[in-house]
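Undergrad: As input, take my_file00.txt (compact mmCIF, C-alpha atoms and all ligand atoms):
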```txt
# COMPACT_ATOMS: atom_id res chain seq x y z
CA MET A 259 0.00 0.00 0.00
CA LYS A 260 2.72 2.46 1.01
CA LYS A 261 4.61 1.72 -2.24
CA LYS A 262 1.49 2.50 -4.24
CA ILE A 263 1.08 5.80 -2.47
CA GLU A 264 4.69 6.76 -2.96
CA LYS A 265 4.32 5.97 -6.64
CA ALA A 266 1.20 8.12 -6.78
CA LEU A 267 2.99 11.02 -5.08
CA LYS A 268 5.84 10.75 -7.58
CA ASN A 269 3.25 11.46 -10.26
CA VAL A 270 2.42 14.83 -8.74
CA ILE A 271 4.69 17.15 -10.68
CA LEU A 272 5.43 20.74 -9.74
CA ILE A 273 5.92 23.58 -12.16
CA ASP A 274 9.72 23.16 -12.03
CA ASN A 275 9.23 19.58 -13.29
CA LYS A 276 10.18 17.96 -9.99
CA ASN A 277 7.74 15.67 -8.24
CA ILE A 278 6.71 16.36 -4.66
CA ILE A 279 8.85 13.52 -3.26
CA GLU A 280 11.98 14.87 -4.98
CA SER A 281 11.23 18.37 -3.79
CA GLY A 282 11.26 17.14 -0.20
CA TRP A 283 7.76 18.42 0.51
CA VAL A 284 6.41 15.07 1.71
CA LYS A 285 7.33 14.66 5.37
CA LYS A 286 5.24 11.68 6.43
CA ILE A 287 2.66 9.23 5.14
CA ASP A 288 0.28 7.73 7.71
CA LEU A 289 -1.78 4.68 6.91
CA LEU A 290 -4.69 4.60 9.32
CA ASN A 291 -7.68 2.26 9.37
CA ASN A 292 -9.81 4.00 6.85
CA GLU A 293 -7.66 6.90 5.99
CA ILE A 294 -4.47 7.78 4.17
CA ARG A 295 -2.90 10.90 5.64
CA ILE A 296 -0.17 12.75 3.74
CA HIS A 297 1.83 15.37 5.65
CA LEU A 298 3.45 18.06 3.54
CA SER A 299 5.62 20.96 4.55
CA LEU A 300 6.24 23.79 2.12
CA SER A 301 7.43 27.32 2.18
CA ASN A 302 4.78 28.80 -0.06
CA PRO A 303 1.50 29.21 1.75
CA ALA A 304 -0.41 30.53 -1.30
CA MET A 305 -3.95 29.23 -1.18
CA HIS A 306 -4.33 28.36 -4.85
CA ILE A 307 -1.14 26.28 -4.77
CA LYS A 308 -2.34 24.41 -1.67
CA ASN A 309 -5.72 23.68 -3.21
CA LYS A 310 -4.22 22.46 -6.43
CA LEU A 311 -1.80 20.18 -4.57
CA ILE A 312 -4.57 18.60 -2.52
CA LYS A 313 -6.58 17.97 -5.68
CA ASP A 314 -3.63 16.52 -7.60
CA ILE A 315 -2.58 14.27 -4.71
CA THR A 316 -6.08 12.88 -4.20
CA HIS A 317 -6.48 12.31 -7.91
CA SER A 318 -3.12 10.60 -8.27
CA ILE A 319 -3.74 8.25 -5.31
CA ARG A 320 -7.22 7.36 -6.55
CA ASN A 321 -5.61 6.41 -9.87
CA GLN A 322 -3.77 3.63 -8.02
CA ASN A 323 -6.99 1.69 -7.49
CA ILE A 324 -7.37 2.58 -3.85
CA LEU A 325 -10.73 1.59 -2.36
CA ASP A 326 -13.33 4.34 -2.51
CA THR A 327 -14.10 3.83 1.18
CA ILE A 328 -10.62 4.94 2.19
CA ARG A 329 -10.40 8.66 2.81
CA ILE A 330 -7.44 10.63 1.55
CA LYS A 331 -6.37 13.58 3.63
CA THR A 332 -3.53 15.97 2.85
CA GLU A 333 -2.23 18.21 5.61
CA ILE A 334 -0.03 21.12 4.60
CA LYS A 335 2.13 23.01 7.04
CA SER A 336 4.23 26.03 6.17
CA GLU A 337 7.85 25.74 7.23
CA THR A 338 8.48 29.31 8.32
CA LYS A 339 10.93 29.98 11.14
CA ILE A 340 9.37 33.30 11.97
CA LYS A 341 5.96 34.50 11.10
CA PRO A 342 6.12 37.84 9.36
CA VAL A 343 2.72 39.32 8.81
CA ILE A 344 2.64 40.57 5.27
CA LYS A 345 -0.81 41.54 4.12
CA ASN A 346 -0.28 42.12 0.41
CA ILE A 347 2.58 40.96 -1.77
CA ILE A 348 2.53 42.66 -5.14
CA ALA A 349 5.01 42.10 -7.95
CA VAL A 350 6.13 44.65 -10.52
CA ALA A 351 6.98 42.99 -13.83
CA SER A 352 7.94 43.90 -17.38
CA GLY A 353 8.43 42.07 -20.64
CA LYS A 354 11.66 43.86 -21.47
CA GLY A 355 14.50 45.39 -19.46
CA GLY A 356 15.03 49.13 -19.35
CA VAL A 357 11.37 50.17 -19.46
CA GLY A 358 11.44 51.65 -15.95
CA LYS A 359 10.22 48.70 -13.87
CA SER A 360 12.60 49.29 -10.93
CA THR A 361 12.06 53.06 -11.00
CA ILE A 362 8.33 52.48 -10.76
CA ALA A 363 8.63 49.77 -8.06
CA THR A 364 10.74 52.23 -6.04
CA ASN A 365 8.34 55.14 -6.35
CA ILE A 366 5.24 53.04 -5.70
CA ALA A 367 6.88 51.74 -2.51
CA VAL A 368 7.71 55.26 -1.33
CA SER A 369 4.23 56.52 -2.31
CA LEU A 370 2.72 53.78 -0.12
CA VAL A 371 4.91 54.97 2.78
CA HIS A 372 3.72 58.51 2.08
CA MET A 373 0.12 57.23 2.32
CA GLY A 374 0.87 55.85 5.78
CA PHE A 375 1.44 52.16 5.07
CA HIS A 376 4.19 49.85 6.34
CA VAL A 377 6.10 48.84 3.25
CA GLY A 378 8.84 46.43 2.17
CA LEU A 379 10.59 46.09 -1.17
CA LEU A 380 12.15 42.87 -2.34
CA ASP A 381 14.47 43.22 -5.31
CA ALA A 382 14.38 39.87 -7.10
CA ASP A 383 15.74 41.14 -10.42
CA ILE A 384 18.60 38.70 -10.72
CA TYR A 385 19.66 40.11 -14.11
CA GLY A 386 20.22 43.64 -12.84
CA PRO A 387 19.29 44.36 -9.25
CA SER A 388 19.08 48.16 -9.28
CA ILE A 389 17.01 48.84 -6.15
CA PRO A 390 20.14 49.35 -3.96
CA LEU A 391 21.28 52.13 -6.34
CA MET A 392 17.86 53.74 -6.40
CA PHE A 393 17.78 53.87 -2.59
CA ASN A 394 21.44 54.81 -2.26
CA ILE A 395 22.28 51.71 -0.22
CA GLU A 396 24.47 49.85 -2.70
CA ASN A 397 27.30 49.51 -0.20
CA LYS A 398 25.23 47.77 2.41
CA SER A 399 25.58 44.04 2.65
CA VAL A 400 23.10 41.78 4.36
CA SER A 401 25.86 39.51 5.62
CA LEU A 402 26.43 42.20 8.27
CA GLN A 403 22.80 42.11 9.21
CA HIS A 404 22.61 38.39 9.90
CA LYS A 405 21.64 37.46 13.42
CA ASN A 406 20.52 33.98 14.52
CA GLY A 407 20.01 33.10 10.87
CA ILE A 408 17.42 35.84 10.51
CA ILE A 409 18.05 38.62 7.99
CA ASN A 410 17.29 42.20 8.90
CA PRO A 411 16.27 44.27 5.90
CA ILE A 412 17.84 47.68 5.35
CA THR A 413 15.49 50.62 5.77
CA SER A 414 15.77 53.57 3.42
CA TYR A 415 13.20 56.37 3.01
CA GLY A 416 10.87 54.38 5.25
CA VAL A 417 10.96 51.25 3.06
CA LYS A 418 12.39 47.95 4.34
CA ILE A 419 14.59 46.65 1.54
CA LEU A 420 16.24 43.38 0.61
CA SER A 421 17.99 42.89 -2.70
CA ILE A 422 19.45 39.90 -4.42
CA GLY A 423 22.18 42.44 -5.28
CA PHE A 424 23.34 42.43 -1.64
CA PHE A 425 24.74 38.98 -2.40
CA SER A 426 27.17 40.18 -5.05
CA LYS A 427 29.77 42.94 -5.18
CA TYR A 428 29.15 45.94 -7.46
CA GLY A 429 29.95 44.94 -11.04
CA GLU A 430 30.42 41.29 -10.19
CA ALA A 431 28.38 38.88 -12.29
CA ILE A 432 26.48 36.07 -10.69
CA VAL A 433 24.75 33.49 -12.79
CA TRP A 434 21.74 32.52 -10.77
CA ARG A 435 20.43 29.05 -11.28
CA GLY A 436 16.93 28.05 -10.32
CA PRO A 437 17.81 26.24 -7.06
CA MET A 438 20.01 29.16 -5.88
CA VAL A 439 17.23 31.63 -6.52
CA THR A 440 14.80 29.39 -4.70
CA LYS A 441 17.11 29.17 -1.69
CA VAL A 442 17.75 32.90 -1.43
CA LEU A 443 14.12 33.79 -1.96
CA ARG A 444 13.03 31.31 0.66
CA GLN A 445 15.31 33.14 3.10
CA PHE A 446 13.99 36.50 1.93
CA MET A 447 10.41 35.40 2.42
CA HIS A 448 10.61 33.29 5.56
CA GLU A 449 13.80 34.08 7.44
CA THR A 450 13.63 37.83 7.26
CA ASN A 451 12.57 40.19 9.92
CA TRP A 452 9.99 42.04 7.84
CA GLY A 453 7.80 42.68 10.86
CA GLU A 454 4.27 43.70 10.03
CA LEU A 455 3.89 44.94 6.48
CA ASP A 456 0.84 46.24 4.67
CA PHE A 457 2.62 45.83 1.36
CA LEU A 458 5.65 44.00 0.09
CA ILE A 459 6.56 45.10 -3.43
CA VAL A 460 8.60 42.58 -5.41
CA ASP A 461 10.73 43.79 -8.32
CA LEU A 462 10.72 40.79 -10.69
CA PRO A 463 13.31 40.12 -13.39
CA PRO A 464 12.09 41.15 -16.86
CA GLY A 465 10.71 38.56 -19.24
CA THR A 466 9.58 35.00 -18.84
CA GLY A 467 11.64 31.93 -18.07
CA ASP A 468 12.50 29.14 -15.68
CA ILE A 469 13.64 31.65 -13.08
CA HIS A 470 10.16 33.18 -13.06
CA LEU A 471 8.62 29.83 -12.34
CA SER A 472 10.91 29.35 -9.32
CA LEU A 473 10.09 32.87 -8.18
CA LEU A 474 6.35 32.58 -8.56
CA GLN A 475 6.38 29.29 -6.73
CA GLU A 476 8.19 30.78 -3.73
CA ILE A 477 6.33 34.05 -3.37
CA PRO A 478 2.61 34.08 -2.61
CA LEU A 479 1.60 37.06 -4.74
CA LYS A 480 -1.72 38.87 -4.44
CA GLY A 481 -1.21 40.34 -7.87
CA VAL A 482 1.16 41.77 -10.41
CA VAL A 483 1.56 45.22 -11.92
CA ILE A 484 3.05 45.33 -15.41
CA VAL A 485 5.20 48.17 -16.73
CA SER A 486 5.81 48.83 -20.41
CA THR A 487 6.56 51.50 -22.94
CA SER A 488 4.36 51.76 -26.02
CA GLN A 489 7.08 50.46 -28.29
CA LYS A 490 6.05 47.49 -30.39
CA ILE A 491 8.87 45.18 -29.27
CA ALA A 492 8.26 46.04 -25.60
CA LEU A 493 4.59 45.14 -25.99
CA SER A 494 5.30 41.91 -27.78
CA ASP A 495 7.40 40.83 -24.76
CA VAL A 496 4.65 41.99 -22.38
CA ASN A 497 2.27 39.79 -24.29
CA ARG A 498 4.39 36.78 -23.32
CA SER A 499 4.48 37.89 -19.67
CA VAL A 500 0.70 38.21 -19.61
CA GLY A 501 0.50 34.71 -21.03
CA MET A 502 2.76 33.44 -18.25
CA PHE A 503 0.77 35.04 -15.42
CA ARG A 504 -2.41 33.63 -16.89
CA ILE A 505 -1.18 30.02 -17.12
CA LYS A 506 -3.55 28.02 -14.94
CA SER A 507 -0.92 26.42 -12.70
CA ILE A 508 0.82 29.76 -12.05
CA TYR A 509 -2.12 32.14 -12.18
CA VAL A 510 -1.35 35.54 -10.68
CA PRO A 511 -4.04 38.24 -10.99
CA ILE A 512 -2.86 41.12 -13.18
CA LEU A 513 -3.82 44.26 -11.25
CA GLY A 514 -3.07 46.53 -14.19
CA ILE A 515 -0.53 47.96 -16.57
CA ILE A 516 1.42 51.23 -16.46
CA GLU A 517 2.55 53.09 -19.56
CA ASN A 518 6.00 54.48 -18.80
CA MET A 519 7.81 57.14 -20.82
CA SER A 520 4.46 57.86 -22.51
CA TYR A 521 5.57 61.15 -23.98
CA PHE A 522 8.27 63.72 -23.73
CA PRO A 523 6.91 67.20 -22.94
CA SER A 524 8.29 70.05 -24.98
CA PRO A 525 11.16 71.78 -23.15
CA SER A 526 9.78 75.12 -24.29
CA LYS A 527 7.41 76.84 -21.83
CA GLU A 528 5.39 78.42 -24.67
CA THR A 529 4.07 75.22 -26.11
CA LYS A 530 2.36 72.24 -24.49
CA GLU A 531 3.43 69.99 -27.29
CA ARG A 532 4.17 66.37 -26.47
CA TYR A 533 6.51 64.05 -28.35
CA PHE A 534 5.51 60.40 -28.45
CA PHE A 535 8.92 58.87 -28.57
CA PHE A 536 7.85 55.23 -28.29
CA GLY A 537 4.53 55.62 -30.09
CA LYS A 538 1.19 56.95 -28.91
CA ASN A 539 -1.24 55.03 -26.68
CA GLY A 540 0.35 51.66 -27.40
CA VAL A 541 -0.01 50.40 -23.83
CA ARG A 542 -3.51 51.84 -23.46
CA ASP A 543 -4.68 50.06 -26.60
CA PHE A 544 -2.94 46.86 -25.54
CA SER A 545 -4.67 46.98 -22.15
CA LYS A 546 -8.08 47.21 -23.82
CA LYS A 547 -7.31 44.35 -26.15
CA MET A 548 -6.08 42.11 -23.32
CA ASN A 549 -8.73 43.18 -20.84
CA ILE A 550 -6.18 44.55 -18.38
CA PHE A 551 -6.86 47.62 -16.21
CA PHE A 552 -4.94 50.70 -17.36
CA LEU A 553 -3.29 52.13 -14.24
CA GLY A 554 -1.95 55.33 -15.77
CA GLU A 555 0.83 56.94 -17.74
CA ILE A 556 4.15 58.44 -16.67
CA PRO A 557 5.87 60.91 -18.98
CA MET A 558 9.55 60.76 -19.80
CA LEU A 559 11.10 63.38 -17.54
CA GLN A 560 14.72 64.26 -16.97
CA LYS A 561 14.02 64.66 -13.23
CA ILE A 562 12.96 61.01 -12.94
CA ARG A 563 16.26 59.85 -14.44
CA GLU A 564 18.34 62.36 -12.45
CA TYR A 565 16.91 61.54 -9.03
CA SER A 566 17.03 57.83 -9.68
CA ASP A 567 20.76 58.16 -10.46
CA LEU A 568 21.23 60.12 -7.24
CA GLY A 569 19.56 57.37 -5.25
CA ILE A 570 16.61 59.52 -4.20
CA PRO A 571 13.05 58.42 -5.07
CA VAL A 572 11.72 61.26 -7.25
CA VAL A 573 8.31 61.31 -5.53
CA LEU A 574 10.02 62.82 -2.51
CA LYS A 575 11.29 65.74 -4.55
CA ASN A 576 8.65 66.69 -7.07
CA ASP A 577 4.97 67.34 -6.29
CA LYS A 578 3.73 66.84 -9.83
CA ILE A 579 5.45 63.48 -10.21
CA ARG A 580 4.33 62.47 -6.71
CA ASN A 581 0.71 63.11 -7.70
CA ILE A 582 1.06 60.88 -10.74
CA PHE A 583 2.46 58.05 -8.62
CA ILE A 584 -0.07 58.47 -5.82
CA LYS A 585 -2.92 58.19 -8.33
CA ILE A 586 -1.42 55.04 -9.84
CA THR A 587 -0.86 53.58 -6.37
CA GLU A 588 -4.47 54.29 -5.38
CA HIS A 589 -5.64 52.49 -8.51
CA ILE A 590 -3.48 49.49 -7.57
CA ILE A 591 -5.01 49.37 -4.09
CA ASN A 592 -8.51 49.58 -5.57
CA GLN A 593 -7.75 46.79 -7.99
CA LEU A 594 -6.68 44.56 -5.09
CA HIS A 595 -10.21 44.80 -3.76
CA GLU A 596 -11.91 44.22 -7.11
P1 LIG B 601 14.09 48.43 -15.63
O1 LIG B 601 13.93 48.14 -14.18
O2 LIG B 601 12.84 48.19 -16.42
O3 LIG B 601 15.28 47.78 -16.25
P2 LIG B 601 14.86 51.07 -14.75
O4 LIG B 601 13.83 51.41 -13.77
O5 LIG B 601 16.21 50.65 -14.28
O6 LIG B 601 14.33 50.01 -15.81
O7 LIG B 601 14.98 52.34 -15.70
C1 LIG B 601 15.90 52.42 -16.75
C2 LIG B 601 16.40 53.86 -16.88
O8 LIG B 601 15.34 54.70 -17.31
C3 LIG B 601 16.86 54.46 -15.54
O9 LIG B 601 17.99 55.20 -15.79
C4 LIG B 601 15.72 55.33 -15.10
O10 LIG B 601 16.16 56.42 -14.34
C5 LIG B 601 15.14 55.78 -16.42
N1 LIG B 601 13.70 56.06 -16.37
C6 LIG B 601 12.71 55.21 -16.02
N2 LIG B 601 11.50 55.80 -16.15
C7 LIG B 601 11.73 57.05 -16.58
C8 LIG B 601 10.89 58.16 -16.93
N3 LIG B 601 9.55 58.09 -16.83
N4 LIG B 601 11.50 59.30 -17.34
C9 LIG B 601 12.84 59.40 -17.44
N5 LIG B 601 13.68 58.39 -17.16
C10 LIG B 601 13.14 57.22 -16.73
```
Starting from the file, give its structure as structure tokens.

TA:
Amino acid sequence: MKKKIEKALKNVILIDNKNIIESGWVKKIDLLNNEIRIHLSLSNPAMHIKNKLIKDITHSIRNQNILDTIRIKTEIKSETKIKPVIKNIIAVASGKGGVGKSTIATNIAVSLVHMGFHVGLLDADIYGPSIPLMFNIENKSVSLQHKNGIINPITSYGVKILSIGFFSKYGEAIVWRGPMVTKVLRQFMHETNWGELDFLIVDLPPGTGDIHLSLLQEIPLKGVVIVSTSQKIALSDVNRSVGMFRIKSIYVPILGIIENMSYFPSPSKETKERYFFFGKNGVRDFSKKMNIFFLGEIPMLQKIREYSDLGIPVVLKNDKIRNIFIKITEHIINQLHE
């Protein structure tokens, strides 16, 4: 009987192509009188993943010709060392690099602080972690912050920050493989002193790939915000990202899309002319076509680039830009409750 069950569990495959025995999630199998009880322990407490696992396990065991009268029960525990209370985890994603994803993640995080929330920011962009630069904390290393195996995030402008960039020296390349990413993220999620957070913003790597699957499996997201320019090639990559978030086994609600670098305002004070560098309304039209909420547009402004290079979130320095970000952030919060 036990052999049959183990065989059945080996047929439950996760999105990284490992089965749940290989992944080490199965801790114990109890064979009781009229009941098979499977004990699992996993780091990701996301409800939809739990439900899917329970369904797949039951289905796979039933396929082994187990008597209908025997009940199958799956108990899932989360293996956290500490219990941070994080109410909403929201990812910021893009199809392509360089469209302003990290700049926007930064300024949304600081806008949330401005609105009175407790906020964290997790920089998971393994290809180019730029959050430390944008918060002027690139010299900080988390190895200094380790205490009893628990990581303390670094606070800057009221945001608690952890970056995958803290694990490499400036300019040093690290090739992150799936299992390494999984390990680091697990620490970031479960062995970090986040305290109580209303929002944790996660800066995802651009694009779609294996790494994204590992990431999405580790982090229980409430939703994702997509950033793009209106350029055709940027949108074609966003199309792939949308496809990924909408795959059934991954499914993350898309809270909306932001059009960045929408236009470049004329430098002359006399005219209100706008130049549509990357094309006009591309993201807006895309959002309609894909049935995605349009969260707003951000113009291309020298101040945004300058302050981000100085390591100061621009919303702290410019009222007009702050208003744009606050509006977008309010839309995101509303979409969470849709
Ligand atoms: P990504 O995270 O998508 O790779 P970044 O946020 O690092 O992109 O932005 C790339 C560059 O573009 C940065 O130098 C940033 O300051 C600049 N940038 C982003 N958005 C704007 C904008 N709306 N106006 C001007 N510069 C911007």

Undergrad: Residues up to 7 Å from ligand LIG 601 (chain B), counting only C-alpha atoms and all ligand atoms: could you list those as a list of chain:residue names?

TA: A:Ser352, A:Lys354, A:Gly355, A:Gly356, A:Val357, A:Gly358, A:Lys359, A:Ser360, A:Thr361, A:Ile362, A:Ser388, A:Asn518, A:Met519, A:Ile556, A:Pro557, A:Met558, A:Leu559, A:Gln560, A:Lys561, A:Ile562, A:Arg563, A:Glu564, A:Ser566, A:Asp567

Undergrad: Can you pull out the residues contacting Ile582 of chain A? Cut-off 9 Å, using all atoms listed in the file, and skip same-chain residues under 4 positions away; I want them as an MDAnalysis selection string.

TA: chainID A and resid 554:556 573 577:578 586:587

Undergrad: So how many Å separate atom CA of Val368 of chain A and atom CA of Ser486 of chain A, to one decimal?

TA: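 Atom CA of Val368 of chain A sits 20.2 Å away from atom CA of Ser486 of chain A.
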
Undergrad: Would you compute the distance between atom CA of Leu380 of chain A and atom CA of Arg498 of chain A? Give it in Å to one decimal.

TA: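 Calculated distance between atom CA of Leu380 of chain A and atom CA of Arg498 of chain A is 23.2 Å.
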
Undergrad: Need the shell around Asn323 of chain A: protein/DNA/RNA residues with any atom at most 12 Å away, counting only C-alpha atoms. Skip same-chain ones fewer than 3 positions apart. Format as a VMD selection string?

TA: chain A and resid 259 262 to 263 266 316 to 320 326 to 328

Undergrad: Now that the selection is made, can you save its residues with C-alpha atoms as a PDB file, in the frame of the given file?

TA:
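This is the output file again-v1.pdb:
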```pdb
ATOM      1  CA  MET A 259       0.000   0.000   0.000  1.00  0.00           C
ATOM      2  CA  LYS A 262       1.490   2.500  -4.240  1.00  0.00           C
ATOM      3  CA  ILE A 263       1.080   5.800  -2.470  1.00  0.00           C
ATOM      4  CA  ALA A 266       1.200   8.120  -6.780  1.00  0.00           C
ATOM      5  CA  THR A 316      -6.080  12.880  -4.200  1.00  0.00           C
ATOM      6  CA  HIS A 317      -6.480  12.310  -7.910  1.00  0.00           C
ATOM      7  CA  SER A 318      -3.120  10.600  -8.270  1.00  0.00           C
ATOM      8  CA  ILE A 319      -3.740   8.250  -5.310  1.00  0.00           C
ATOM      9  CA  ARG A 320      -7.220   7.360  -6.550  1.00  0.00           C
ATOM     10  CA  ASP A 326     -13.330   4.340  -2.510  1.00  0.00           C
ATOM     11  CA  THR A 327     -14.100   3.830   1.180  1.00  0.00           C
ATOM     12  CA  ILE A 328     -10.620   4.940   2.190  1.00  0.00           C
TER      13      ILE A 328
END
```

Undergrad: To one decimal in Å, tell me the separation between atom CA of Lys538 of chain A and atom CA of Ser369 of chain A.

TA: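 The value is 26.8 Å.
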
Undergrad: Ranking A:Asp288, A:Glu264, A:Asp381, A:Glu531 by minimum distance to Leu458 of chain A and counting only C-alpha atoms, which one comes first?

TA: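 Distance minimum relative to Leu458 of chain A lands on A:Asp381.
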
Undergrad: Padding of 4 Å on every side, edges along x, y and z, all listed atoms of segment 416-425 of chain A included: what centre and edge lengths in Å, to one decimal, does that box have, as AutoDock Vina command-line options?

TA:
```
--center_x 17.8 --center_y 46.7 --center_z 0.0 --size_x 21.9 --size_y 23.4 --size_z 18.5
```

Undergrad: With all atoms listed in the file as the atoms that count, which of A:Glu588, A:Glu454, A:Asp543, A:Asp468 lies nearest to Asn346 of chain A?

TA: A:Glu454

Undergrad: Show me the residues around (17.6, 36.6, -9.1) - criterion: an atom at most 10 Å away, all atoms listed in the file counted - as a ChimeraX atom specification.

TA: /A:381-387,421-423,432-436,438-440,442-443,461-463,469-470,472-473

Undergrad: Write out as a PyMOL selection string the residues lying within 7 Å of Arg329 of chain A, counting all atoms listed in the file and excluding same-chain residues fewer than 5 positions away.

TA: chain A and resi 292-294

Undergrad: Mind dumping the selected residues with C-alpha atoms as a short mmCIF file (atom, residue, chain, number, x, y, z; two decimals), keeping the file's coordinate frame?

TA:
```cif
data_model
loop_
_atom_site.label_atom_id
_atom_site.label_comp_id
_atom_site.auth_asym_id
_atom_site.auth_seq_id
_atom_site.Cartn_x
_atom_site.Cartn_y
_atom_site.Cartn_z
CA ASN A 292 -9.81 4.00 6.85
CA GLU A 293 -7.66 6.90 5.99
CA ILE A 294 -4.47 7.78 4.17
#
```

Undergrad: Counting all atoms listed in the file, which of A:Ser526, A:Leu594, A:Asp495, A:Leu574 gets nearest to Val510 of chain A?

TA: A:Leu594

Undergrad: Name the closest residue to Asn451 of chain A among the candidates A:Val483, A:Ile409, A:Ala351, A:Ile515; distances are taken between atoms, counting all atoms listed in the file.

TA: A:Ile409

Undergrad: Generate the missing atoms of segment 352-366 of chain A up to N, CA, C and O atoms and report them as a PDB file, in the coordinates of the input.

TA:
```
ATOM      1  N   SER A 352       7.919  43.319 -16.033  1.00  0.00           N
ATOM      2  CA  SER A 352       7.940  43.900 -17.380  1.00  0.00           C
ATOM      3  C   SER A 352       8.332  42.813 -18.357  1.00  0.00           C
ATOM      4  O   SER A 352       8.886  41.778 -17.964  1.00  0.00           O
ATOM      5  N   GLY A 353       8.035  43.050 -19.626  1.00  0.00           N
ATOM      6  CA  GLY A 353       8.430  42.070 -20.640  1.00  0.00           C
ATOM      7  C   GLY A 353       9.893  42.245 -20.989  1.00  0.00           C
ATOM      8  O   GLY A 353      10.631  41.294 -21.163  1.00  0.00           O
ATOM      9  N   LYS A 354      10.310  43.518 -21.030  1.00  0.00           N
ATOM     10  CA  LYS A 354      11.660  43.860 -21.470  1.00  0.00           C
ATOM     11  C   LYS A 354      12.398  44.609 -20.363  1.00  0.00           C
ATOM     12  O   LYS A 354      11.746  45.258 -19.544  1.00  0.00           O
ATOM     13  N   GLY A 355      13.722  44.586 -20.408  1.00  0.00           N
ATOM     14  CA  GLY A 355      14.500  45.390 -19.460  1.00  0.00           C
ATOM     15  C   GLY A 355      14.557  46.833 -19.923  1.00  0.00           C
ATOM     16  O   GLY A 355      14.337  47.120 -21.103  1.00  0.00           O
ATOM     17  N   GLY A 356      14.797  47.737 -18.985  1.00  0.00           N
ATOM     18  CA  GLY A 356      15.030  49.130 -19.350  1.00  0.00           C
ATOM     19  C   GLY A 356      13.779  49.962 -19.574  1.00  0.00           C
ATOM     20  O   GLY A 356      13.858  51.100 -20.031  1.00  0.00           O
ATOM     21  N   VAL A 357      12.606  49.416 -19.242  1.00  0.00           N
ATOM     22  CA  VAL A 357      11.370  50.170 -19.460  1.00  0.00           C
ATOM     23  C   VAL A 357      10.955  50.989 -18.232  1.00  0.00           C
ATOM     24  O   VAL A 357       9.973  51.711 -18.257  1.00  0.00           O
ATOM     25  N   GLY A 358      11.719  50.862 -17.147  1.00  0.00           N
ATOM     26  CA  GLY A 358      11.440  51.650 -15.950  1.00  0.00           C
ATOM     27  C   GLY A 358      10.782  50.867 -14.823  1.00  0.00           C
ATOM     28  O   GLY A 358      10.262  51.452 -13.863  1.00  0.00           O
ATOM     29  N   LYS A 359      10.864  49.550 -14.878  1.00  0.00           N
ATOM     30  CA  LYS A 359      10.220  48.700 -13.870  1.00  0.00           C
ATOM     31  C   LYS A 359      10.723  49.009 -12.454  1.00  0.00           C
ATOM     32  O   LYS A 359       9.923  49.204 -11.536  1.00  0.00           O
ATOM     33  N   SER A 360      12.055  49.072 -12.282  1.00  0.00           N
ATOM     34  CA  SER A 360      12.600  49.290 -10.930  1.00  0.00           C
ATOM     35  C   SER A 360      12.311  50.712 -10.449  1.00  0.00           C
ATOM     36  O   SER A 360      12.046  50.926  -9.262  1.00  0.00           O
ATOM     37  N   THR A 361      12.373  51.672 -11.368  1.00  0.00           N
ATOM     38  CA  THR A 361      12.060  53.060 -11.000  1.00  0.00           C
ATOM     39  C   THR A 361      10.628  53.128 -10.476  1.00  0.00           C
ATOM     40  O   THR A 361      10.350  53.791  -9.460  1.00  0.00           O
ATOM     41  N   ILE A 362       9.745  52.432 -11.143  1.00  0.00           N
ATOM     42  CA  ILE A 362       8.330  52.480 -10.760  1.00  0.00           C
ATOM     43  C   ILE A 362       8.100  51.696  -9.458  1.00  0.00           C
ATOM     44  O   ILE A 362       7.382  52.162  -8.570  1.00  0.00           O
ATOM     45  N   ALA A 363       8.760  50.538  -9.319  1.00  0.00           N
ATOM     46  CA  ALA A 363       8.630  49.770  -8.060  1.00  0.00           C
ATOM     47  C   ALA A 363       9.072  50.647  -6.886  1.00  0.00           C
ATOM     48  O   ALA A 363       8.417  50.707  -5.835  1.00  0.00           O
ATOM     49  N   THR A 364      10.193  51.351  -7.078  1.00  0.00           N
ATOM     50  CA  THR A 364      10.740  52.230  -6.040  1.00  0.00           C
ATOM     51  C   THR A 364       9.736  53.312  -5.649  1.00  0.00           C
ATOM     52  O   THR A 364       9.438  53.526  -4.464  1.00  0.00           O
ATOM     53  N   ASN A 365       9.200  53.992  -6.652  1.00  0.00           N
ATOM     54  CA  ASN A 365       8.340  55.140  -6.350  1.00  0.00           C
ATOM     55  C   ASN A 365       6.947  54.738  -5.884  1.00  0.00           C
ATOM     56  O   ASN A 365       6.318  55.480  -5.130  1.00  0.00           O
ATOM     57  N   ILE A 366       6.511  53.547  -6.259  1.00  0.00           N
ATOM     58  CA  ILE A 366       5.240  53.040  -5.700  1.00  0.00           C
ATOM     59  C   ILE A 366       5.459  52.727  -4.213  1.00  0.00           C
ATOM     60  O   ILE A 366       4.642  53.062  -3.361  1.00  0.00           O
TER      61      ILE A 366
END
```
